[in-house]
$ cat model37.pdb   # PDB, C-alpha atoms and all ligand atoms
ATOM      1  CA  MET T  70       8.643  -7.919  10.411
ATOM      2  CA  LYS T  71      11.662  -8.233   8.132
ATOM      3  CA  ASN T  72       9.963  -6.081   5.491
ATOM      4  CA  ARG T  73       9.291  -3.359   8.008
ATOM      5  CA  PHE T  74      12.928  -3.326   9.005
ATOM      6  CA  VAL T  75      14.047  -3.160   5.385
ATOM      7  CA  LEU T  76      11.558  -0.350   4.792
ATOM      8  CA  PHE T  77      12.928   1.564   7.755
ATOM      9  CA  ILE T  78      16.476   1.204   6.469
ATOM     10  CA  SER T  79      15.395   2.336   2.987
ATOM     11  CA  VAL T  80      13.754   5.449   4.352
ATOM     12  CA  LEU T  81      16.875   6.149   6.339
ATOM     13  CA  ALA T  82      19.064   5.638   3.289
ATOM     14  CA  LEU T  83      16.869   7.917   1.202
ATOM     15  CA  SER T  84      16.892  10.713   3.716
ATOM     16  CA  PHE T  85      20.654  10.545   4.105
ATOM     17  CA  ALA T  86      21.127  10.640   0.366
ATOM     18  CA  GLY T  87      18.742  13.610   0.331
ATOM     19  CA  ALA T  88      17.554  11.984  -2.858
ATOM     20  CA  GLY T  89      15.354  14.166  -5.021
ATOM     21  CA  THR T  90      14.505  11.186  -7.168
ATOM     22  CA  VAL T  91      11.987   8.673  -5.914
ATOM     23  CA  PHE T  92      13.802   5.863  -7.694
ATOM     24  CA  ALA T  93      17.194   6.268  -6.042
ATOM     25  CA  ASN T  94      16.535   3.316  -3.749
ATOM     26  CA  GLN T  95      13.403   1.208  -4.062
ATOM     27  CA  GLU T  96      14.525  -1.519  -1.680
ATOM     28  CA  GLY T  97      11.662  -2.504   0.603
ATOM     29  CA  PHE T  98       8.979  -0.357  -0.995
ATOM     30  CA  LEU T  99       5.835  -2.033  -2.309
ATOM     31  CA  SER T 100       6.952  -1.924  -5.943
ATOM     32  CA  ASP T 101      10.150  -3.737  -4.968
ATOM     33  CA  ILE T 102       8.265  -6.318  -2.891
ATOM     34  CA  HIS T 103       6.084  -7.073  -5.921
ATOM     35  CA  ILE T 104       9.053  -7.365  -8.239
ATOM     36  CA  LYS T 105      10.661  -9.825  -5.808
ATOM     37  CA  ASN T 106       7.428 -11.826  -6.073
ATOM     38  CA  GLY T 107       7.880 -12.168  -9.832
ATOM     39  CA  LEU T 108       5.902  -9.156 -11.048
ATOM     40  CA  ASP T 109       7.245  -6.355 -13.242
ATOM     41  CA  CYS T 110       6.498  -2.660 -13.756
ATOM     42  CA  ASN T 111       3.706  -3.473 -16.199
ATOM     43  CA  SER T 112       1.867  -5.591 -13.664
ATOM     44  CA  CYS T 113       0.680  -2.268 -12.241
ATOM     45  CA  HIS T 114       1.478   0.234 -15.024
ATOM     46  CA  GLU T 115       0.028   0.138 -18.514
ATOM     47  CA  GLY T 116       2.569   0.699 -21.246
ATOM     48  CA  LYS T 117       5.702   2.602 -20.306
ATOM     49  CA  PRO T 118       5.561   3.511 -16.621
ATOM     50  CA  LYS T 119       5.950   7.271 -16.707
ATOM     51  CA  LYS T 120       2.916   8.353 -14.781
ATOM     52  CA  GLU T 121       1.208   7.069 -11.669
ATOM     53  CA  ALA T 122      -0.502   3.694 -11.907
ATOM     54  CA  GLY T 123      -4.165   3.518 -11.004
ATOM     55  CA  ILE T 124      -5.592   1.033  -8.537
ATOM     56  CA  GLN T 125      -7.494  -1.189 -10.979
ATOM     57  CA  ALA T 126      -4.582  -3.648 -11.159
ATOM     58  CA  CYS T 127      -4.431  -3.786  -7.345
ATOM     59  CA  LEU T 128      -8.124  -4.595  -7.184
ATOM     60  CA  ASP T 129      -7.852  -7.271  -9.902
ATOM     61  CA  CYS T 130      -5.005  -9.123  -8.176
ATOM     62  CA  HIS T 131      -6.045  -8.719  -4.571
ATOM     63  CA  GLY T 132      -9.706  -9.664  -4.852
ATOM     64  CA  GLY T 133     -11.116  -6.133  -4.777
ATOM     65  CA  TYR T 134     -12.442  -4.367  -1.693
ATOM     66  CA  ASP T 135     -14.395  -7.443  -0.607
ATOM     67  CA  GLY T 136     -11.341  -9.668  -0.907
ATOM     68  CA  MET T 137      -9.244  -7.325   1.202
ATOM     69  CA  TYR T 138     -11.992  -6.981   3.791
ATOM     70  CA  GLU T 139     -12.039 -10.788   4.157
ATOM     71  CA  LYS T 140      -8.274 -11.082   4.308
ATOM     72  CA  THR T 141      -7.799  -8.812   7.328
ATOM     73  CA  LYS T 142     -11.123  -9.182   9.123
ATOM     74  CA  ALA T 143      -9.549 -11.183  11.967
ATOM     75  CA  LEU T 144      -7.557  -8.137  13.077
ATOM     76  CA  HIS T 145      -8.758  -6.169  16.082
ATOM     77  CA  ILE T 146      -9.451  -3.189  13.805
ATOM     78  CA  ASN T 147      -9.762  -4.086  10.126
ATOM     79  CA  PRO T 148      -7.970  -1.446   8.023
ATOM     80  CA  HIS T 149      -9.922  -2.651   4.993
ATOM     81  CA  ASP T 150     -13.290  -2.021   6.613
ATOM     82  CA  ALA T 151     -13.738   1.709   6.476
ATOM     83  CA  HIS T 152     -16.864   3.498   7.595
ATOM     84  CA  GLU T 153     -16.020   6.201   5.054
ATOM     85  CA  GLY T 154     -16.700   3.793   2.184
ATOM     86  CA  ASP T 155     -14.177   2.303  -0.245
ATOM     87  CA  ILE T 156     -10.898   4.148   0.183
ATOM     88  CA  GLU T 157      -8.462   3.854  -2.725
ATOM     89  CA  CYS T 158      -5.604   1.462  -1.964
ATOM     90  CA  ASN T 159      -2.919   4.076  -2.480
ATOM     91  CA  GLU T 160      -4.384   6.434   0.085
ATOM     92  CA  CYS T 161      -2.460   4.059   2.390
ATOM     93  CA  HIS T 162      -0.226   1.791   0.298
ATOM     94  CA  LYS T 163       2.407   3.767  -1.600
ATOM     95  CA  SER T 164       4.262   1.842  -4.248
ATOM     96  CA  HIS T 165       7.468   3.856  -4.431
ATOM     97  CA  SER T 166       7.605   5.643  -1.101
ATOM     98  CA  THR T 167       6.688   5.107   2.534
ATOM     99  CA  SER T 168       3.080   4.036   3.010
ATOM    100  CA  ILE T 169       0.647   6.096   5.037
ATOM    101  CA  ASP T 170      -1.887   5.328   7.766
ATOM    102  CA  TYR T 171      -4.869   7.203   6.361
ATOM    103  CA  CYS T 172      -6.980   6.549   9.468
ATOM    104  CA  ALA T 173      -4.409   8.253  11.697
ATOM    105  CA  SER T 174      -5.813  11.688  10.915
ATOM    106  CA  CYS T 175      -8.669  10.773  13.276
ATOM    107  CA  HIS T 176      -7.719   7.551  15.115
ATOM    108  CA  SER T 177      -4.637   6.145  16.745
ATOM    109  CA  PHE T 178      -4.922   2.494  15.718
ATOM    110  CA  ASP T 179      -1.232   2.643  14.934
ATOM    111  CA  PHE T 180      -1.523   0.622  11.722
ATOM    112  CA  LYS T 181       1.717  -0.582  10.194
ATOM    113  CA  VAL T 182       0.902  -0.234   6.513
ATOM    114  CA  PRO T 183       3.064  -2.450   4.244
TER
HETATM  115  C1  LIG X   1       2.702  -2.642  -7.104
HETATM  116  C2  LIG X   1       2.385  -1.895  -8.294
HETATM  117  C3  LIG X   1       3.517  -1.120  -8.952
HETATM  118  C4  LIG X   1       4.698  -1.621  -9.462
HETATM  119  C5  LIG X   1       5.177  -3.072  -9.487
HETATM  120  C6  LIG X   1       5.401  -0.484 -10.030
HETATM  121  N1  LIG X   1       4.677   0.661  -9.841
HETATM  122 FE1  LIG X   1       5.219   2.535 -10.385
HETATM  123  N2  LIG X   1       3.577   3.327  -9.447
HETATM  124  C7  LIG X   1       2.587   2.581  -8.860
HETATM  125  C8  LIG X   1       1.644   3.476  -8.213
HETATM  126  C9  LIG X   1       0.397   3.066  -7.450
HETATM  127  C10 LIG X   1       2.118   4.801  -8.434
HETATM  128  C11 LIG X   1       1.521   6.091  -7.858
HETATM  129  C12 LIG X   1       2.392   6.597  -6.702
HETATM  130  C13 LIG X   1       2.503   5.628  -5.549
HETATM  131  O1  LIG X   1       1.485   5.063  -5.116
HETATM  132  O2  LIG X   1       3.622   5.398  -5.034
HETATM  133  C14 LIG X   1       3.319   4.664  -9.241
HETATM  134  C15 LIG X   1       4.077   5.720  -9.702
HETATM  135  C16 LIG X   1       5.105   5.590 -10.621
HETATM  136  C17 LIG X   1       5.722   6.690 -11.344
HETATM  137  C18 LIG X   1       5.336   8.146 -11.224
HETATM  138  C19 LIG X   1       6.105   8.704 -10.063
HETATM  139  C20 LIG X   1       5.706  10.100  -9.756
HETATM  140  O3  LIG X   1       5.999  10.484  -8.629
HETATM  141  O4  LIG X   1       5.102  10.762 -10.582
HETATM  142  C21 LIG X   1       6.699   6.152 -12.137
HETATM  143  C22 LIG X   1       7.638   6.902 -13.083
HETATM  144  C23 LIG X   1       6.708   4.710 -11.909
HETATM  145  N3  LIG X   1       5.719   4.402 -10.979
HETATM  146  C24 LIG X   1       7.579   3.824 -12.505
HETATM  147  C25 LIG X   1       7.669   2.463 -12.196
HETATM  148  C26 LIG X   1       8.707   1.567 -12.681
HETATM  149  C27 LIG X   1       9.858   1.972 -13.617
HETATM  150  C28 LIG X   1       8.440   0.329 -12.172
HETATM  151  C29 LIG X   1       9.224  -0.964 -12.330
HETATM  152  C30 LIG X   1      10.589  -0.898 -11.793
HETATM  153  C31 LIG X   1       7.232   0.457 -11.357
HETATM  154  N4  LIG X   1       6.806   1.767 -11.396
HETATM  155  C32 LIG X   1       6.630  -0.590 -10.667
HETATM  156  C33 LIG X   1       2.500   1.201  -8.840
HETATM  157  C34 LIG X   1       3.512   0.320  -9.196
HETATM  158  C1  LIG X   2      -0.272  -8.924 -10.879
HETATM  159  C2  LIG X   2      -0.801  -9.081  -9.508
HETATM  160  C3  LIG X   2      -0.595  -7.960  -8.506
HETATM  161  C4  LIG X   2      -0.833  -6.615  -8.670
HETATM  162  C5  LIG X   2      -1.232  -5.881  -9.934
HETATM  163  C6  LIG X   2      -0.658  -6.015  -7.371
HETATM  164  N1  LIG X   2      -0.292  -6.956  -6.455
HETATM  165 FE1  LIG X   2       0.091  -6.636  -4.486
HETATM  166  N2  LIG X   2       0.836  -8.515  -4.316
HETATM  167  C7  LIG X   2       0.818  -9.475  -5.316
HETATM  168  C8  LIG X   2       1.586 -10.628  -4.862
HETATM  169  C9  LIG X   2       1.827 -11.921  -5.662
HETATM  170  C10 LIG X   2       2.068 -10.316  -3.560
HETATM  171  C11 LIG X   2       2.942 -11.179  -2.634
HETATM  172  C12 LIG X   2       2.174 -12.236  -2.000
HETATM  173  C13 LIG X   2       1.208 -11.665  -0.998
HETATM  174  O1  LIG X   2       1.655 -11.066  -0.010
HETATM  175  O2  LIG X   2      -0.010 -11.774  -1.240
HETATM  176  C14 LIG X   2       1.541  -8.979  -3.232
HETATM  177  C15 LIG X   2       1.716  -8.340  -2.015
HETATM  178  C16 LIG X   2       1.110  -7.140  -1.670
HETATM  179  C17 LIG X   2       1.132  -6.547  -0.350
HETATM  180  C18 LIG X   2       1.763  -7.142   0.896
HETATM  181  C19 LIG X   2       3.195  -6.710   0.981
HETATM  182  C20 LIG X   2       3.873  -7.242   2.220
HETATM  183  O3  LIG X   2       4.912  -6.661   2.604
HETATM  184  O4  LIG X   2       3.396  -8.194   2.814
HETATM  185  C21 LIG X   2       0.448  -5.372  -0.425
HETATM  186  C22 LIG X   2       0.200  -4.384   0.689
HETATM  187  C23 LIG X   2       0.022  -5.217  -1.805
HETATM  188  N3  LIG X   2       0.441  -6.312  -2.513
HETATM  189  C24 LIG X   2      -0.695  -4.137  -2.290
HETATM  190  C25 LIG X   2      -0.858  -3.872  -3.645
HETATM  191  C26 LIG X   2      -1.289  -2.602  -4.192
HETATM  192  C27 LIG X   2      -1.636  -1.378  -3.375
HETATM  193  C28 LIG X   2      -1.306  -2.744  -5.553
HETATM  194  C29 LIG X   2      -1.622  -1.707  -6.618
HETATM  195  C30 LIG X   2      -0.779  -0.492  -6.584
HETATM  196  C31 LIG X   2      -0.919  -4.111  -5.850
HETATM  197  N4  LIG X   2      -0.656  -4.755  -4.675
HETATM  198  C32 LIG X   2      -0.853  -4.663  -7.114
HETATM  199  C33 LIG X   2       0.183  -9.356  -6.530
HETATM  200  C34 LIG X   2      -0.219  -8.161  -7.106
HETATM  201  C1  LIG X   3      -6.759   2.650   5.488
HETATM  202  C2  LIG X   3      -5.501   2.176   4.965
HETATM  203  C3  LIG X   3      -5.538   1.051   3.955
HETATM  204  C4  LIG X   3      -6.196   1.021   2.748
HETATM  205  C5  LIG X   3      -7.071   2.099   2.113
HETATM  206  C6  LIG X   3      -5.860  -0.242   2.137
HETATM  207  N1  LIG X   3      -5.036  -0.951   2.972
HETATM  208 FE1  LIG X   3      -4.184  -2.732   2.606
HETATM  209  N2  LIG X   3      -3.391  -2.796   4.472
HETATM  210  C7  LIG X   3      -3.481  -1.779   5.399
HETATM  211  C8  LIG X   3      -2.850  -2.213   6.634
HETATM  212  C9  LIG X   3      -2.741  -1.402   7.918
HETATM  213  C10 LIG X   3      -2.362  -3.505   6.410
HETATM  214  C11 LIG X   3      -1.606  -4.387   7.392
HETATM  215  C12 LIG X   3      -2.590  -5.257   8.128
HETATM  216  C13 LIG X   3      -1.877  -6.114   9.145
HETATM  217  O1  LIG X   3      -1.428  -5.562  10.148
HETATM  218  O2  LIG X   3      -1.750  -7.321   8.905
HETATM  219  C14 LIG X   3      -2.712  -3.846   5.023
HETATM  220  C15 LIG X   3      -2.398  -5.043   4.417
HETATM  221  C16 LIG X   3      -2.615  -5.304   3.063
HETATM  222  C17 LIG X   3      -2.177  -6.496   2.376
HETATM  223  C18 LIG X   3      -1.427  -7.663   2.996
HETATM  224  C19 LIG X   3      -2.499  -8.512   3.626
HETATM  225  C20 LIG X   3      -1.988  -9.822   4.150
HETATM  226  O3  LIG X   3      -2.432 -10.188   5.257
HETATM  227  O4  LIG X   3      -1.200 -10.486   3.474
HETATM  228  C21 LIG X   3      -2.585  -6.387   1.072
HETATM  229  C22 LIG X   3      -2.374  -7.406  -0.049
HETATM  230  C23 LIG X   3      -3.289  -5.128   0.955
HETATM  231  N3  LIG X   3      -3.290  -4.508   2.192
HETATM  232  C24 LIG X   3      -3.873  -4.684  -0.204
HETATM  233  C25 LIG X   3      -4.726  -3.590  -0.281
HETATM  234  C26 LIG X   3      -5.501  -3.254  -1.444
HETATM  235  C27 LIG X   3      -5.504  -4.042  -2.748
HETATM  236  C28 LIG X   3      -6.211  -2.131  -1.134
HETATM  237  C29 LIG X   3      -7.247  -1.407  -1.997
HETATM  238  C30 LIG X   3      -8.414  -2.227  -2.333
HETATM  239  C31 LIG X   3      -5.864  -1.763   0.236
HETATM  240  N4  LIG X   3      -4.980  -2.693   0.720
HETATM  241  C32 LIG X   3      -6.333  -0.652   0.912
HETATM  242  C33 LIG X   3      -4.075  -0.559   5.192
HETATM  243  C34 LIG X   3      -4.826  -0.200   4.101
HETATM  244  C1  LIG X   4     -12.327  12.107   9.317
HETATM  245  C2  LIG X   4     -12.129  11.365  10.534
HETATM  246  C3  LIG X   4     -12.104   9.852  10.453
HETATM  247  C4  LIG X   4     -11.343   9.064   9.644
HETATM  248  C5  LIG X   4     -10.353   9.480   8.545
HETATM  249  C6  LIG X   4     -11.602   7.703  10.029
HETATM  250  N1  LIG X   4     -12.503   7.676  11.040
HETATM  251 FE1  LIG X   4     -13.173   6.022  12.056
HETATM  252  N2  LIG X   4     -14.395   7.181  13.193
HETATM  253  C7  LIG X   4     -14.476   8.555  13.113
HETATM  254  C8  LIG X   4     -15.513   9.006  14.046
HETATM  255  C9  LIG X   4     -15.927  10.439  14.281
HETATM  256  C10 LIG X   4     -16.005   7.846  14.683
HETATM  257  C11 LIG X   4     -17.082   7.759  15.752
HETATM  258  C12 LIG X   4     -16.407   7.830  17.077
HETATM  259  C13 LIG X   4     -17.279   7.361  18.179
HETATM  260  O1  LIG X   4     -18.478   7.190  17.962
HETATM  261  O2  LIG X   4     -16.722   7.143  19.250
HETATM  262  C14 LIG X   4     -15.273   6.718  14.137
HETATM  263  C15 LIG X   4     -15.426   5.406  14.535
HETATM  264  C16 LIG X   4     -14.693   4.326  14.088
HETATM  265  C17 LIG X   4     -14.774   2.984  14.615
HETATM  266  C18 LIG X   4     -15.658   2.503  15.761
HETATM  267  C19 LIG X   4     -15.232   3.108  17.064
HETATM  268  C20 LIG X   4     -13.875   2.718  17.535
HETATM  269  O3  LIG X   4     -13.009   3.639  17.722
HETATM  270  O4  LIG X   4     -13.605   1.529  17.711
HETATM  271  C21 LIG X   4     -13.896   2.233  13.897
HETATM  272  C22 LIG X   4     -13.596   0.754  14.060
HETATM  273  C23 LIG X   4     -13.285   3.101  12.909
HETATM  274  N3  LIG X   4     -13.772   4.366  13.064
HETATM  275  C24 LIG X   4     -12.371   2.684  11.982
HETATM  276  C25 LIG X   4     -11.768   3.526  11.054
HETATM  277  C26 LIG X   4     -10.809   3.080  10.061
HETATM  278  C27 LIG X   4     -10.359   1.644   9.882
HETATM  279  C28 LIG X   4     -10.422   4.175   9.377
HETATM  280  C29 LIG X   4      -9.465   4.252   8.193
HETATM  281  C30 LIG X   4      -9.829   3.397   7.070
HETATM  282  C31 LIG X   4     -11.150   5.308   9.906
HETATM  283  N4  LIG X   4     -11.955   4.879  10.926
HETATM  284  C32 LIG X   4     -11.012   6.599   9.450
HETATM  285  C33 LIG X   4     -13.743   9.375  12.313
HETATM  286  C34 LIG X   4     -12.845   8.971  11.341
END
$ encode --input "model37.pdb" --output "structure tokens"
Amino acid sequence: MKNRFVLFISVLALSFAGAGTVFANQEGFLSDIHIKNGLDCNSCHEGKPKKEAGIQACLDCHGGYDGMYEKTKALHINPHDAHEGDIECNECHKSHSTSIDYCASCHSFDFKVP
């Protein structure tokens, strides 16, 4: 709940700043949450982080698609159980910007994506 509030404030701050740069304020975004948990840029990026990171690191740390399916299977609708097959993590989870509810293009489950 706290994270969601922080995220909301960050988005607000970003829009007020009219920031062209994604890195103006990372507070509350997924990258920042990871760094607060002891990770660094290279936990997700190989070498110097200039370009987008892939999702292999996400899969390695979070137990892959099967691991994520297990972790959230108690929810009423499991966001990690997609009938469209394995959907890449960052279709929903954005590391440096507001995350997206990929399923919302067809459903209204109203997922809060961290
Ligand atoms: C949790 C994993 C993760 C961490 C930690 C992380 N990144 Fe990223 N980064 C990504 C992903 C995934 C993308 C692709 C865009 C997205 O999903 O937000 C990305 C995109 C980027 C981009 C390309 C942005 C663009 O729009 O082209 C840069 C530059 C970058 N990261 C730098 C950094 C730096 C510097 C750090 C450390 C302060 C960092 N990243 C930490 C996962 C991460
Ligand atoms: C080096 C290991 C590592 C990598 C790589 C990594 N994570 Fe994480 N992730 C963690 C840890 C540790 C936490 C904090 C503890 C937890 O919530 O499991 C976390 C937390 C999360 C959370 C929960 C955040 C919250 O607010 O509760 C999400 C979502 C997440 N990671 C997605 C991703 C995605 C997407 C990627 C790839 C872009 C990624 N992770 C890469 C280790 C990793
Ligand atoms: C369709 C959108 C979507 C996709 C794709 C997705 N997630 Fe998630 N993820 C969510 C939602 C929504 C939640 C919040 C679930 C909840 O309400 O507890 C979540 C929660 C998480 C959490 C926190 C779980 C917890 O209970 O601590 C982690 C870690 C995570 N996702 C990692 C991943 C990884 C790794 C991938 C790629 C293999 C991935 N997610 C793909 C939507 C998605
Ligand atoms: C391109 C559109 C589309 C997307 C994107 C999509 N779905 Fe669906 N989904 C459907 C259709 C069509 C049905 C069948 C509806 C029916 O039979 O009533 C369905 C049915 C379902 C059902 C069973 C019926 C229900 O509403 O309870 C679940 C659960 C579900 N989808 C979950 C997801 C999740 C989770 C995601 C995101 C990872 C997702 N869907 C993304 C189109 C989509």
$ axis_aligned_box --input "model37.pdb" --around "range 127-134 of chain T" --padding-each-side "5 Å" --output "JSON"
{"center_x": -8.4, "center_y": -6.7, "center_z": -5.8, "size_x": 18.0, "size_y": 15.9, "size_z": 18.2}
$ resolve_selection --input "model37.pdb" --expression "the PyMOL selection byres (((chain T and resi 124) around 10) and not hetatm)" --output "PyMOL selection string"
chain T and resi 113-114+121-123+125-129+133+157-159
$ closest_atom_pairs --input "model37.pdb" --of "chain T" --to "ligand LIG 3 (chain X)" --cutoff "8 Å" --atoms "all atoms listed in the file" --output "JSON lines"
{"residue": "T:Ile124", "atom": "CA", "partner": "X:LIG3", "partner_atom": "C29", "distance": 7.2}
{"residue": "T:Cys127", "atom": "CA", "partner": "X:LIG3", "partner_atom": "C27", "distance": 4.7}
{"residue": "T:Leu128", "atom": "CA", "partner": "X:LIG3", "partner_atom": "C27", "distance": 5.2}
{"residue": "T:Cys130", "atom": "CA", "partner": "X:LIG3", "partner_atom": "C27", "distance": 7.5}
{"residue": "T:His131", "atom": "CA", "partner": "X:LIG3", "partner_atom": "C27", "distance": 5.0}
{"residue": "T:Gly132", "atom": "CA", "partner": "X:LIG3", "partner_atom": "C27", "distance": 7.3}
{"residue": "T:Gly133", "atom": "CA", "partner": "X:LIG3", "partner_atom": "C30", "distance": 5.3}
{"residue": "T:Tyr134", "atom": "CA", "partner": "X:LIG3", "partner_atom": "C30", "distance": 4.6}
{"residue": "T:Met137", "atom": "CA", "partner": "X:LIG3", "partner_atom": "C25", "distance": 6.0}
{"residue": "T:Lys140", "atom": "CA", "partner": "X:LIG3", "partner_atom": "O3", "distance": 6.0}
{"residue": "T:Thr141", "atom": "CA", "partner": "X:LIG3", "partner_atom": "O3", "distance": 5.9}
{"residue": "T:Leu144", "atom": "CA", "partner": "X:LIG3", "partner_atom": "O2", "distance": 7.2}
{"residue": "T:Asn147", "atom": "CA", "partner": "X:LIG3", "partner_atom": "C12", "distance": 7.5}
{"residue": "T:Pro148", "atom": "CA", "partner": "X:LIG3", "partner_atom": "C33", "distance": 4.9}
{"residue": "T:His149", "atom": "CA", "partner": "X:LIG3", "partner_atom": "C6", "distance": 5.5}
{"residue": "T:Ala151", "atom": "CA", "partner": "X:LIG3", "partner_atom": "C1", "distance": 7.1}
{"residue": "T:Asp155", "atom": "CA", "partner": "X:LIG3", "partner_atom": "C5", "distance": 7.5}
{"residue": "T:Ile156", "atom": "CA", "partner": "X:LIG3", "partner_atom": "C5", "distance": 4.8}
{"residue": "T:Glu157", "atom": "CA", "partner": "X:LIG3", "partner_atom": "C5", "distance": 5.3}
{"residue": "T:Cys158", "atom": "CA", "partner": "X:LIG3", "partner_atom": "C29", "distance": 3.3}
{"residue": "T:Asn159", "atom": "CA", "partner": "X:LIG3", "partner_atom": "C5", "distance": 6.5}
{"residue": "T:Glu160", "atom": "CA", "partner": "X:LIG3", "partner_atom": "C5", "distance": 5.5}
{"residue": "T:Cys161", "atom": "CA", "partner": "X:LIG3", "partner_atom": "C2", "distance": 4.4}
{"residue": "T:His162", "atom": "CA", "partner": "X:LIG3", "partner_atom": "N1", "distance": 6.1}
{"residue": "T:Ile169", "atom": "CA", "partner": "X:LIG3", "partner_atom": "C2", "distance": 7.3}
{"residue": "T:Asp170", "atom": "CA", "partner": "X:LIG3", "partner_atom": "C2", "distance": 5.6}
{"residue": "T:Tyr171", "atom": "CA", "partner": "X:LIG3", "partner_atom": "C1", "distance": 5.0}
{"residue": "T:Cys172", "atom": "CA", "partner": "X:LIG3", "partner_atom": "C1", "distance": 5.6}
{"residue": "T:Phe180", "atom": "CA", "partner": "X:LIG3", "partner_atom": "C9", "distance": 4.5}
{"residue": "T:Lys181", "atom": "CA", "partner": "X:LIG3", "partner_atom": "C9", "distance": 5.1}
{"residue": "T:Val182", "atom": "CA", "partner": "X:LIG3", "partner_atom": "C9", "distance": 4.1}
{"residue": "T:Pro183", "atom": "CA", "partner": "X:LIG3", "partner_atom": "C10", "distance": 5.9}
$ atom_distance --input "model37.pdb" --atom1 "atom C30 of ligand LIG 4 (chain X)" --atom2 "CA of Asp101 in chain T"
24.4 Å
$ residues_near_ligand --input "model37.pdb" --ligand "ligand LIG 1 (chain X)" --cutoff "6 Å" --atoms "only C-alpha atoms and all ligand atoms" --output "ChimeraX atom specification"
/T:99-100,103-104,109-110,112-113,118-123,159,163-166
$ closest_residue --input "model37.pdb" --among "T:His176, T:Lys105, T:His145, T:His152" --to "ligand LIG 2 (chain X)" --atoms "all atoms listed in the file"
T:Lys105
$ closest_residue --input "model37.pdb" --among "T:Gln95, T:Ser168, T:Gly116, T:Asp179" --to "ligand LIG 2 (chain X)" --atoms "all atoms listed in the file"
T:Ser168
